[in-house]
$ cat run_10.csv   # CSV, C-alpha atoms
chain,number,residue,atom,x,y,z
A,95,MET,CA,-70.9,0.4,-1.6
A,96,VAL,CA,-73.0,-2.3,0.1
A,97,GLU,CA,-71.4,-5.7,-0.4
A,98,ASN,CA,-74.7,-7.6,-0.9
A,99,GLU,CA,-76.0,-5.3,-3.6
A,100,LYS,CA,-76.2,-7.0,-7.0
A,101,SER,CA,-73.9,-6.2,-9.9
A,102,LEU,CA,-75.8,-4.2,-12.5
A,103,VAL,CA,-73.0,-3.9,-15.1
A,104,GLU,CA,-70.4,-6.6,-15.8
A,105,ALA,CA,-67.6,-6.9,-18.2
A,106,ARG,CA,-66.3,-10.4,-18.7
A,107,GLY,CA,-62.9,-10.9,-20.4
A,108,VAL,CA,-63.5,-7.9,-22.7
A,109,TRP,CA,-60.9,-7.4,-25.5
A,110,LYS,CA,-61.0,-4.7,-28.1
A,111,ILE,CA,-58.3,-4.7,-30.8
A,112,PHE,CA,-58.5,-2.2,-33.6
A,113,GLY,CA,-57.3,-3.2,-37.1
A,114,ASP,CA,-58.1,-5.5,-40.0
A,115,ARG,CA,-56.2,-8.4,-38.4
A,116,ALA,CA,-57.7,-8.1,-34.9
A,117,GLY,CA,-58.5,-11.8,-34.7
A,118,GLU,CA,-55.0,-12.9,-35.6
A,119,ALA,CA,-53.5,-10.4,-33.2
A,120,LEU,CA,-55.7,-11.6,-30.3
A,121,GLN,CA,-54.6,-15.2,-30.9
A,122,ALA,CA,-50.9,-14.2,-31.0
A,123,ILE,CA,-51.4,-12.1,-27.8
A,124,LYS,CA,-52.8,-15.1,-26.0
A,125,SER,CA,-50.3,-17.6,-27.3
A,126,GLU,CA,-47.2,-15.5,-27.3
A,127,GLY,CA,-47.9,-12.8,-24.7
A,128,LEU,CA,-47.3,-9.9,-27.1
A,129,ASP,CA,-47.4,-6.4,-25.7
A,130,LYS,CA,-49.0,-3.3,-27.3
A,131,ALA,CA,-45.9,-2.3,-29.3
A,132,GLU,CA,-45.4,-5.8,-30.7
A,133,VAL,CA,-49.0,-6.1,-31.8
A,134,LEU,CA,-48.8,-2.8,-33.6
A,135,GLU,CA,-45.6,-3.8,-35.4
A,136,ARG,CA,-46.6,-7.3,-36.4
A,137,PHE,CA,-50.3,-6.8,-37.2
A,138,GLU,CA,-50.8,-3.1,-37.6
A,139,ALA,CA,-53.4,-3.4,-34.8
A,140,VAL,CA,-54.0,-1.4,-31.7
A,141,ILE,CA,-55.0,-2.9,-28.3
A,142,GLY,CA,-57.8,-0.7,-27.0
A,143,VAL,CA,-59.0,-2.9,-24.1
A,144,ARG,CA,-57.1,-5.9,-22.8
A,145,ASP,CA,-58.9,-8.7,-21.1
A,146,VAL,CA,-61.0,-6.5,-18.7
A,147,SER,CA,-63.4,-8.0,-16.2
A,148,ILE,CA,-65.2,-5.7,-13.8
A,149,GLU,CA,-68.5,-5.7,-11.8
A,150,VAL,CA,-70.3,-2.4,-11.1
A,151,ARG,CA,-72.8,-2.7,-8.2
A,152,GLU,CA,-76.2,-1.2,-8.2
A,153,GLY,CA,-76.1,2.4,-7.0
A,154,GLU,CA,-72.4,2.9,-6.8
A,155,ILE,CA,-70.2,5.5,-8.6
A,156,PHE,CA,-67.5,3.4,-10.3
A,157,CYS,CA,-64.6,5.6,-11.5
A,158,ILE,CA,-62.4,4.4,-14.3
A,159,MET,CA,-59.2,6.4,-14.5
A,160,GLY,CA,-55.9,6.4,-16.4
A,161,LEU,CA,-53.8,8.6,-18.7
A,162,SER,CA,-54.8,9.4,-22.2
A,163,GLY,CA,-54.8,6.3,-24.4
A,164,SER,CA,-55.2,3.9,-21.4
A,165,GLY,CA,-58.5,2.5,-22.8
A,166,LYS,CA,-61.0,4.0,-20.3
A,167,SER,CA,-63.3,5.7,-22.8
A,168,THR,CA,-63.1,2.7,-25.2
A,169,LEU,CA,-64.1,0.4,-22.4
A,170,VAL,CA,-67.1,2.5,-21.4
A,171,ARG,CA,-68.4,2.7,-25.0
A,172,HIS,CA,-68.8,-1.1,-24.9
A,173,ILE,CA,-71.4,-0.8,-22.1
A,174,ASN,CA,-74.1,0.4,-24.5
A,175,ARG,CA,-72.5,-1.3,-27.5
A,176,LEU,CA,-71.3,1.8,-29.3
A,177,ILE,CA,-68.3,-0.4,-29.8
A,178,GLU,CA,-68.4,-4.2,-30.4
A,179,PRO,CA,-65.8,-6.2,-28.4
A,180,THR,CA,-63.2,-8.3,-30.2
A,181,ALA,CA,-63.8,-10.9,-27.5
A,182,GLY,CA,-65.7,-11.1,-24.2
A,183,SER,CA,-69.1,-9.9,-23.2
A,184,ILE,CA,-70.9,-7.1,-21.4
A,185,LEU,CA,-73.9,-7.8,-19.2
A,186,ILE,CA,-76.5,-5.3,-18.1
A,187,ASP,CA,-78.7,-6.6,-15.3
A,188,GLY,CA,-77.7,-10.1,-16.3
A,189,ILE,CA,-78.5,-9.7,-20.0
A,190,ASP,CA,-75.7,-10.0,-22.6
A,191,VAL,CA,-75.7,-6.8,-24.6
A,192,GLY,CA,-74.1,-8.5,-27.5
A,193,SER,CA,-77.1,-10.8,-27.9
A,194,LEU,CA,-79.6,-8.0,-28.4
A,195,ASP,CA,-81.2,-7.3,-31.8
A,196,ALA,CA,-81.5,-3.8,-33.1
A,197,PRO,CA,-84.9,-2.9,-31.5
A,198,ALA,CA,-83.8,-4.3,-28.1
A,199,LEU,CA,-80.5,-2.4,-28.3
A,200,ARG,CA,-82.3,0.8,-29.1
A,201,ALA,CA,-84.6,0.2,-26.1
A,202,LEU,CA,-81.6,-0.4,-23.8
A,203,ARG,CA,-79.9,2.8,-25.0
A,204,SER,CA,-83.1,5.0,-24.6
A,205,LYS,CA,-84.5,3.6,-21.4
A,206,LYS,CA,-81.7,1.9,-19.4
A,207,ILE,CA,-78.6,4.0,-20.0
A,208,GLY,CA,-77.9,7.7,-20.0
A,209,MET,CA,-74.7,9.3,-21.3
A,210,VAL,CA,-72.9,12.5,-20.3
A,211,PHE,CA,-69.8,13.6,-22.2
A,212,GLN,CA,-67.3,16.4,-21.9
A,213,ASN,CA,-68.7,17.9,-25.1
A,214,MET,CA,-72.5,18.0,-24.5
A,215,ALA,CA,-73.5,18.4,-28.2
A,216,LEU,CA,-76.6,20.3,-27.2
A,217,PHE,CA,-79.0,21.2,-30.0
A,218,PRO,CA,-78.3,24.9,-30.6
A,219,HIS,CA,-81.8,25.6,-32.1
A,220,ARG,CA,-83.6,24.1,-29.1
A,221,THR,CA,-84.2,25.7,-25.7
A,222,VAL,CA,-82.8,24.2,-22.5
A,223,ARG,CA,-86.2,22.7,-21.7
A,224,ASP,CA,-86.5,21.1,-25.2
A,225,ASN,CA,-82.9,19.8,-25.1
A,226,ILE,CA,-83.7,18.1,-21.8
A,227,ALA,CA,-86.9,16.6,-23.0
A,228,PHE,CA,-85.4,15.3,-26.2
A,229,ALA,CA,-85.0,11.6,-25.1
A,230,LEU,CA,-88.7,11.6,-24.0
A,231,GLU,CA,-89.7,13.0,-27.4
A,232,LEU,CA,-87.9,10.1,-29.1
A,233,ARG,CA,-90.1,7.8,-27.0
A,234,ASN,CA,-93.3,9.6,-28.2
A,235,VAL,CA,-94.1,10.8,-24.7
A,236,ASP,CA,-96.8,13.5,-24.9
A,237,ALA,CA,-95.7,17.2,-24.9
A,238,TYR,CA,-97.3,18.0,-21.5
A,239,THR,CA,-95.5,15.1,-19.7
A,240,ARG,CA,-92.2,16.0,-21.4
A,241,MET,CA,-92.3,19.5,-20.2
A,242,GLN,CA,-93.3,18.4,-16.7
A,243,VAL,CA,-90.4,16.0,-16.5
A,244,ALA,CA,-88.0,18.6,-17.9
A,245,ASP,CA,-89.1,21.2,-15.4
A,246,GLY,CA,-88.6,18.8,-12.6
A,247,VAL,CA,-85.1,17.9,-13.7
A,248,ILE,CA,-84.2,21.6,-14.3
A,249,GLU,CA,-84.9,22.2,-10.6
A,250,LYS,CA,-82.7,19.2,-9.6
A,251,VAL,CA,-79.7,20.5,-11.5
A,252,SER,CA,-80.2,24.1,-10.3
A,253,LEU,CA,-81.2,25.7,-13.6
A,254,GLN,CA,-84.5,27.3,-12.5
A,255,GLY,CA,-85.4,30.2,-14.7
A,256,TYR,CA,-83.3,29.0,-17.6
A,257,GLY,CA,-85.7,26.6,-19.3
A,258,ASP,CA,-86.5,29.0,-22.2
A,259,ARG,CA,-82.9,30.1,-22.8
A,260,MET,CA,-80.8,28.8,-25.7
A,261,PRO,CA,-77.6,26.9,-25.2
A,262,SER,CA,-75.5,29.8,-26.6
A,263,GLU,CA,-76.8,32.0,-23.7
A,264,LEU,CA,-75.3,29.7,-21.1
A,265,SER,CA,-71.9,29.3,-19.5
A,266,GLY,CA,-69.9,26.1,-19.9
A,267,GLY,CA,-70.9,24.9,-16.4
A,268,MET,CA,-74.6,25.6,-17.1
A,269,GLN,CA,-74.4,23.7,-20.4
A,270,GLN,CA,-72.9,20.8,-18.6
A,271,ARG,CA,-75.9,20.9,-16.2
A,272,VAL,CA,-78.2,20.7,-19.2
A,273,GLY,CA,-76.3,17.7,-20.5
A,274,LEU,CA,-76.7,16.0,-17.1
A,275,ALA,CA,-80.3,17.0,-16.9
A,276,ARG,CA,-80.9,15.5,-20.4
A,277,ALA,CA,-79.5,12.2,-19.3
A,278,LEU,CA,-81.5,12.2,-16.0
A,279,ALA,CA,-84.8,13.1,-17.7
A,280,ALA,CA,-84.9,9.7,-19.3
A,281,ASP,CA,-84.6,8.2,-15.8
A,282,PRO,CA,-82.0,5.6,-16.8
A,283,ASP,CA,-80.7,3.0,-14.3
A,284,ILE,CA,-77.1,3.6,-15.5
A,285,LEU,CA,-75.2,6.7,-16.2
A,286,LEU,CA,-72.0,6.7,-18.4
A,287,MET,CA,-70.1,9.9,-17.7
A,288,ASP,CA,-66.9,10.4,-19.8
A,289,GLU,CA,-64.8,13.3,-18.4
A,290,PRO,CA,-67.9,15.4,-17.9
A,291,PHE,CA,-66.3,18.1,-15.9
A,292,SER,CA,-62.7,18.1,-17.1
A,293,ALA,CA,-63.0,21.2,-19.4
A,294,LEU,CA,-64.4,23.4,-16.7
A,295,ASP,CA,-62.7,25.9,-14.4
A,296,PRO,CA,-61.7,24.4,-11.0
A,297,LEU,CA,-64.3,26.1,-8.9
A,298,ILE,CA,-67.1,25.3,-11.4
A,299,ARG,CA,-65.8,21.8,-11.6
A,300,ARG,CA,-65.9,21.3,-7.9
A,301,GLY,CA,-69.3,22.8,-7.6
A,302,LEU,CA,-70.7,20.3,-10.2
A,303,GLN,CA,-69.0,17.4,-8.5
A,304,ASP,CA,-70.7,18.4,-5.3
A,305,GLU,CA,-74.1,18.7,-7.0
A,306,PHE,CA,-73.7,15.3,-8.7
A,307,LEU,CA,-72.7,13.6,-5.5
A,308,ALA,CA,-75.8,15.1,-3.8
A,309,LEU,CA,-78.0,14.0,-6.7
A,310,SER,CA,-76.4,10.5,-6.6
A,311,LYS,CA,-77.3,10.0,-2.9
A,312,THR,CA,-81.0,10.7,-3.6
A,313,MET,CA,-81.4,9.2,-7.1
A,314,ARG,CA,-79.0,6.2,-6.6
A,315,LYS,CA,-78.0,5.9,-10.3
A,316,THR,CA,-75.4,3.4,-11.1
A,317,THR,CA,-72.6,5.5,-12.6
A,318,LEU,CA,-69.5,4.7,-14.6
A,319,PHE,CA,-67.4,7.9,-14.3
A,320,ILE,CA,-64.4,8.3,-16.5
A,321,THR,CA,-61.6,10.7,-15.5
A,322,HIS,CA,-57.8,11.2,-15.9
A,323,ASP,CA,-57.7,13.0,-12.6
A,324,LEU,CA,-57.0,10.9,-9.4
A,325,ASP,CA,-58.2,13.7,-7.1
A,326,GLU,CA,-61.6,13.6,-9.0
A,327,ALA,CA,-61.7,9.8,-8.9
A,328,ILE,CA,-61.0,9.8,-5.1
A,329,ARG,CA,-63.7,12.4,-4.5
A,330,MET,CA,-66.3,10.9,-6.7
A,331,GLY,CA,-65.8,7.2,-6.7
A,332,SER,CA,-67.2,4.4,-4.4
A,333,ARG,CA,-64.5,2.4,-6.1
A,334,ILE,CA,-61.8,3.2,-8.6
A,335,ALA,CA,-60.4,1.1,-11.4
A,336,ILE,CA,-57.0,2.2,-12.7
A,337,MET,CA,-56.2,1.4,-16.4
A,338,LYS,CA,-52.9,1.2,-18.3
A,339,ASP,CA,-52.4,0.1,-21.9
A,340,GLY,CA,-56.0,-1.2,-22.1
A,341,ALA,CA,-55.8,-3.3,-18.9
A,342,ILE,CA,-57.1,-2.9,-15.4
A,343,VAL,CA,-54.1,-2.5,-13.1
A,344,GLN,CA,-56.0,-2.2,-9.8
A,345,VAL,CA,-59.6,-2.0,-8.5
A,346,GLY,CA,-60.4,-0.8,-5.0
A,347,THR,CA,-61.6,1.9,-2.7
A,348,SER,CA,-59.6,5.1,-2.6
A,349,GLU,CA,-58.2,4.0,0.8
A,350,GLU,CA,-57.2,0.6,-0.6
A,351,ILE,CA,-55.4,2.1,-3.6
A,352,VAL,CA,-53.6,4.8,-1.6
A,353,THR,CA,-52.4,2.5,1.2
A,354,ASN,CA,-51.7,-0.6,-1.0
A,355,PRO,CA,-50.9,0.3,-4.6
A,356,ALA,CA,-50.7,-2.8,-6.8
A,357,ASP,CA,-47.5,-1.7,-8.6
A,358,GLU,CA,-45.1,1.2,-9.3
A,359,TYR,CA,-47.5,2.7,-11.9
A,360,VAL,CA,-50.3,3.1,-9.3
A,361,ALA,CA,-47.8,4.2,-6.6
A,362,ASP,CA,-46.7,7.0,-8.9
A,363,PHE,CA,-50.3,8.1,-9.3
A,364,VAL,CA,-50.9,8.2,-5.5
A,365,LYS,CA,-47.6,9.5,-4.1
A,366,GLY,CA,-48.7,13.1,-4.1
A,367,ILE,CA,-52.1,12.6,-2.6
A,368,SER,CA,-52.8,13.9,0.9
A,369,LYS,CA,-53.8,11.0,3.2
A,370,LEU,CA,-55.7,13.1,5.7
A,371,LYS,CA,-59.1,12.6,4.2
A,372,LEU,CA,-58.5,9.1,2.8
A,373,LEU,CA,-57.3,7.0,5.7
A,374,PHE,CA,-59.5,6.2,8.7
A,375,ALA,CA,-59.0,5.2,12.3
A,376,GLN,CA,-59.9,1.5,11.7
A,377,THR,CA,-57.0,1.3,9.2
A,378,VAL,CA,-54.2,2.8,11.4
A,379,MET,CA,-55.3,1.9,14.9
A,380,VAL,CA,-53.6,-0.6,17.1
A,381,PRO,CA,-56.1,-3.3,18.4
A,382,LEU,CA,-56.8,-2.7,22.1
A,383,LYS,CA,-55.4,-6.1,23.3
A,384,GLN,CA,-52.2,-5.6,21.4
A,385,PHE,CA,-51.7,-2.1,22.8
A,386,GLU,CA,-52.4,-3.3,26.4
A,387,SER,CA,-50.0,-6.2,26.0
A,388,GLU,CA,-47.3,-3.8,24.9
A,389,ALA,CA,-48.0,-0.7,27.0
A,390,GLY,CA,-50.1,-2.0,29.9
A,391,LYS,CA,-53.7,-1.3,30.8
A,392,ILE,CA,-55.2,1.9,29.4
A,393,GLY,CA,-56.7,3.0,32.7
A,394,GLU,CA,-59.5,5.5,33.1
A,395,LEU,CA,-61.3,5.8,29.8
A,396,SER,CA,-62.6,9.3,30.4
A,397,SER,CA,-59.1,10.8,30.2
A,398,TYR,CA,-58.6,9.7,26.5
A,399,PRO,CA,-59.7,11.6,23.4
A,400,LYS,CA,-62.2,9.4,21.6
A,401,ALA,CA,-63.2,8.8,18.0
A,402,GLY,CA,-65.1,6.3,15.9
A,403,PRO,CA,-63.5,3.7,13.6
A,404,LYS,CA,-64.5,5.7,10.5
A,405,GLU,CA,-63.0,9.1,11.6
A,406,ASP,CA,-60.4,10.3,9.1
A,407,LEU,CA,-56.8,11.2,9.9
A,408,ASP,CA,-57.7,14.9,9.7
A,409,ARG,CA,-60.1,14.5,12.6
A,410,LEU,CA,-57.7,12.2,14.6
A,411,VAL,CA,-54.9,14.8,14.3
A,412,SER,CA,-57.2,17.4,15.8
A,413,LEU,CA,-58.0,15.1,18.7
A,414,ALA,CA,-54.4,14.2,19.3
A,415,ILE,CA,-53.2,17.8,19.5
A,416,GLY,CA,-52.7,18.8,23.1
A,417,SER,CA,-53.2,15.3,24.5
A,418,LYS,CA,-50.5,13.1,25.9
A,419,ARG,CA,-52.6,10.0,25.4
A,420,PRO,CA,-53.4,8.2,22.2
A,421,VAL,CA,-56.9,8.5,20.7
A,422,LEU,CA,-59.2,5.8,21.9
A,423,ILE,CA,-61.3,4.2,19.1
A,424,VAL,CA,-64.8,3.3,20.3
A,425,ASP,CA,-67.2,1.2,18.3
A,426,ASP,CA,-70.8,0.9,19.5
A,427,GLY,CA,-69.7,2.1,22.9
A,428,ASN,CA,-66.9,-0.5,23.2
A,429,PRO,CA,-63.2,0.5,23.1
A,430,VAL,CA,-61.6,-1.5,20.2
A,431,GLY,CA,-58.2,0.1,19.7
A,432,VAL,CA,-56.0,3.2,20.0
A,433,VAL,CA,-54.3,5.5,17.5
A,434,THR,CA,-50.9,6.6,18.8
A,435,LYS,CA,-49.1,9.6,17.5
A,436,ASP,CA,-46.6,7.2,15.7
A,437,ALA,CA,-49.5,5.5,14.0
A,438,LEU,CA,-50.8,8.9,12.9
A,439,LEU,CA,-47.5,9.9,11.4
A,440,ARG,CA,-47.2,6.6,9.6
A,441,GLY,CA,-50.7,7.0,8.2
A,442,ILE,CA,-50.0,10.5,7.0
A,443,GLN,CA,-47.0,9.1,5.1
A,444,GLY,CA,-49.2,6.4,3.6
A,445,GLU,CA,-47.9,3.6,5.7
A,446,THR,CA,-50.4,1.3,7.7
$ encode --input "run_10.csv" --output "structure tokens"
Amino acid sequence: MVENEKSLVEARGVWKIFGDRAGEALQAIKSEGLDKAEVLERFEAVIGVRDVSIEVREGEIFCIMGLSGSGKSTLVRHINRLIEPTAGSILIDGIDVGSLDAPALRALRSKKIGMVFQNMALFPHRTVRDNIAFALELRNVDAYTRMQVADGVIEKVSLQGYGDRMPSELSGGMQQRVGLARALAADPDILLMDEPFSALDPLIRRGLQDEFLALSKTMRKTTLFITHDLDEAIRMGSRIAIMKDGAIVQVGTSEEIVTNPADEYVADFVKGISKLKLLFAQTVMVPLKQFESEAGKIGELSSYPKAGPKEDLDRLVSLAIGSKRPVLIVDDGNPVGVVTKDALLRGIQGET
């Protein structure tokens, strides 16, 4: 994520409470600090989303993860106003989605936002090509252009030769590619992906993750990616938001969440995660001046194994093996710190 890129999607103080007495429940929550169980007992209402504020920057993959019932899918359905918030607002490129009339909302959904779900709901009576071109058909795009666009997207998602097949002739992974292609064909700025790969076998799932990451680098779609799997969130996300009971518990990069969990709930999520690919030299290194003040001058630089500040622990371990010296961290040709074996071991344990 580039810090100066603008926020394309914002949620500002969004609440969603399900039930006939949602307004009363919200007032009681704010005035009395009721929890989810108390709201259910007193008002027969369910807190779906609890005071969520997030910013999703243009071009990033923003993962929202949590256990079943944490509110992640409910939150995402507010983005294109499939669900109306009880309170708060959603902004797309600075425009309040809640203020849009019916024609403007339809235009937003058809042109600005694409959706990819676990269940693709492909039209069984349409070919792969016609499924992909459906959004363009709704816009009254001519048939020739629709087919040209569909064939181009078919190639992007590696479905060459399957344009004339029916969905029933495809595997689950291939059907998922069709669903992704259908969303991409409309060329939206924003993709909403709700557990799109979770029902697939592990190898197919990883392959589709790789393909989507490669596509994301070239197409730079702003993506909200829902998952219950921390490994997937870490692999896919520029940043990750962890939800519990409708609220955002922590937002950060995978490195920030693994090294500095906000509470015990997040710590339980990350405790089994390998740190070798998530932590980097710049996080675990000792600054050069501090090292020299404690251990003396480092001496001849050529005798030290060297790495850049963004090398991960896996690479640093390989460099440290067989060397009696720490790894020298060099940035733009200048030594800036060292990674000792003790620092490596602490990093592997998740301590920095």
$ residues_near_point --input "run_10.csv" --point "(-56.6, 6.5, -15.5)" --cutoff "8 Å" --atoms "only C-alpha atoms" --output "short mmCIF file (atom, residue, chain, number, x, y, z; two decimals) with C-alpha atoms, in the frame of the given file"
data_model
loop_
_atom_site.label_atom_id
_atom_site.label_comp_id
_atom_site.auth_asym_id
_atom_site.auth_seq_id
_atom_site.Cartn_x
_atom_site.Cartn_y
_atom_site.Cartn_z
CA ILE A 158 -62.40 4.40 -14.30
CA MET A 159 -59.20 6.40 -14.50
CA GLY A 160 -55.90 6.40 -16.40
CA LEU A 161 -53.80 8.60 -18.70
CA SER A 162 -54.80 9.40 -22.20
CA SER A 164 -55.20 3.90 -21.40
CA LYS A 166 -61.00 4.00 -20.30
CA THR A 321 -61.60 10.70 -15.50
CA HIS A 322 -57.80 11.20 -15.90
CA ASP A 323 -57.70 13.00 -12.60
CA LEU A 324 -57.00 10.90 -9.40
CA ALA A 335 -60.40 1.10 -11.40
CA ILE A 336 -57.00 2.20 -12.70
CA MET A 337 -56.20 1.40 -16.40
CA LYS A 338 -52.90 1.20 -18.30
#
$ residues_around --input "run_10.csv" --residues "A:Gln303" --least-positions-apart "2" --cutoff "12 Å" --atoms "all atoms listed in the file" --output "PyMOL selection string"
chain A and resi 155+251+267+270-271+274+287+289-292+294+296-301+305-310+319+325-331
$ write_last_selection --input "run_10.csv" --atoms "C-alpha atoms" --output "PDB file, keeping the file's coordinate frame"
ATOM      1  CA  ILE A 155     -70.200   5.500  -8.600  1.00  0.00           C
ATOM      2  CA  VAL A 251     -79.700  20.500 -11.500  1.00  0.00           C
ATOM      3  CA  GLY A 267     -70.900  24.900 -16.400  1.00  0.00           C
ATOM      4  CA  GLN A 270     -72.900  20.800 -18.600  1.00  0.00           C
ATOM      5  CA  ARG A 271     -75.900  20.900 -16.200  1.00  0.00           C
ATOM      6  CA  LEU A 274     -76.700  16.000 -17.100  1.00  0.00           C
ATOM      7  CA  MET A 287     -70.100   9.900 -17.700  1.00  0.00           C
ATOM      8  CA  GLU A 289     -64.800  13.300 -18.400  1.00  0.00           C
ATOM      9  CA  PRO A 290     -67.900  15.400 -17.900  1.00  0.00           C
ATOM     10  CA  PHE A 291     -66.300  18.100 -15.900  1.00  0.00           C
ATOM     11  CA  SER A 292     -62.700  18.100 -17.100  1.00  0.00           C
ATOM     12  CA  LEU A 294     -64.400  23.400 -16.700  1.00  0.00           C
ATOM     13  CA  PRO A 296     -61.700  24.400 -11.000  1.00  0.00           C
ATOM     14  CA  LEU A 297     -64.300  26.100  -8.900  1.00  0.00           C
ATOM     15  CA  ILE A 298     -67.100  25.300 -11.400  1.00  0.00           C
ATOM     16  CA  ARG A 299     -65.800  21.800 -11.600  1.00  0.00           C
ATOM     17  CA  ARG A 300     -65.900  21.300  -7.900  1.00  0.00           C
ATOM     18  CA  GLY A 301     -69.300  22.800  -7.600  1.00  0.00           C
ATOM     19  CA  GLU A 305     -74.100  18.700  -7.000  1.00  0.00           C
ATOM     20  CA  PHE A 306     -73.700  15.300  -8.700  1.00  0.00           C
ATOM     21  CA  LEU A 307     -72.700  13.600  -5.500  1.00  0.00           C
ATOM     22  CA  ALA A 308     -75.800  15.100  -3.800  1.00  0.00           C
ATOM     23  CA  LEU A 309     -78.000  14.000  -6.700  1.00  0.00           C
ATOM     24  CA  SER A 310     -76.400  10.500  -6.600  1.00  0.00           C
ATOM     25  CA  PHE A 319     -67.400   7.900 -14.300  1.00  0.00           C
ATOM     26  CA  ASP A 325     -58.200  13.700  -7.100  1.00  0.00           C
ATOM     27  CA  GLU A 326     -61.600  13.600  -9.000  1.00  0.00           C
ATOM     28  CA  ALA A 327     -61.700   9.800  -8.900  1.00  0.00           C
ATOM     29  CA  ILE A 328     -61.000   9.800  -5.100  1.00  0.00           C
ATOM     30  CA  ARG A 329     -63.700  12.400  -4.500  1.00  0.00           C
ATOM     31  CA  MET A 330     -66.300  10.900  -6.700  1.00  0.00           C
ATOM     32  CA  GLY A 331     -65.800   7.200  -6.700  1.00  0.00           C
TER      33      GLY A 331
END
$ closest_residue --input "run_10.csv" --among "A:Gln443, A:Lys383, A:Leu318, A:Leu407" --to "A:Lys365" --atoms "all atoms listed in the file"
A:Gln443
$ closest_residue --input "run_10.csv" --among "A:Leu128, A:Leu372, A:Ile320, A:Ile226" --to "A:Phe211" --atoms "all atoms listed in the file"
A:Ile320
$ residues_around --input "run_10.csv" --residues "A:Ile284" --least-positions-apart "6" --cutoff "12 Å" --atoms "all atoms listed in the file" --output "PyMOL selection string"
chain A and resi 101-103+150-156+170+173-174+186-187+202-210+277-278+310+313-319
$ atom_distance --input "run_10.csv" --atom1 "atom CA of A:Arg220" --atom2 "atom CA of A:Leu232"
14.6 Å
$ closest_residue --input "run_10.csv" --among "A:Thr168, A:Ser368, A:Ser412, A:Asn428" --to "A:Leu395" --atoms "all atoms listed in the file"
A:Asn428
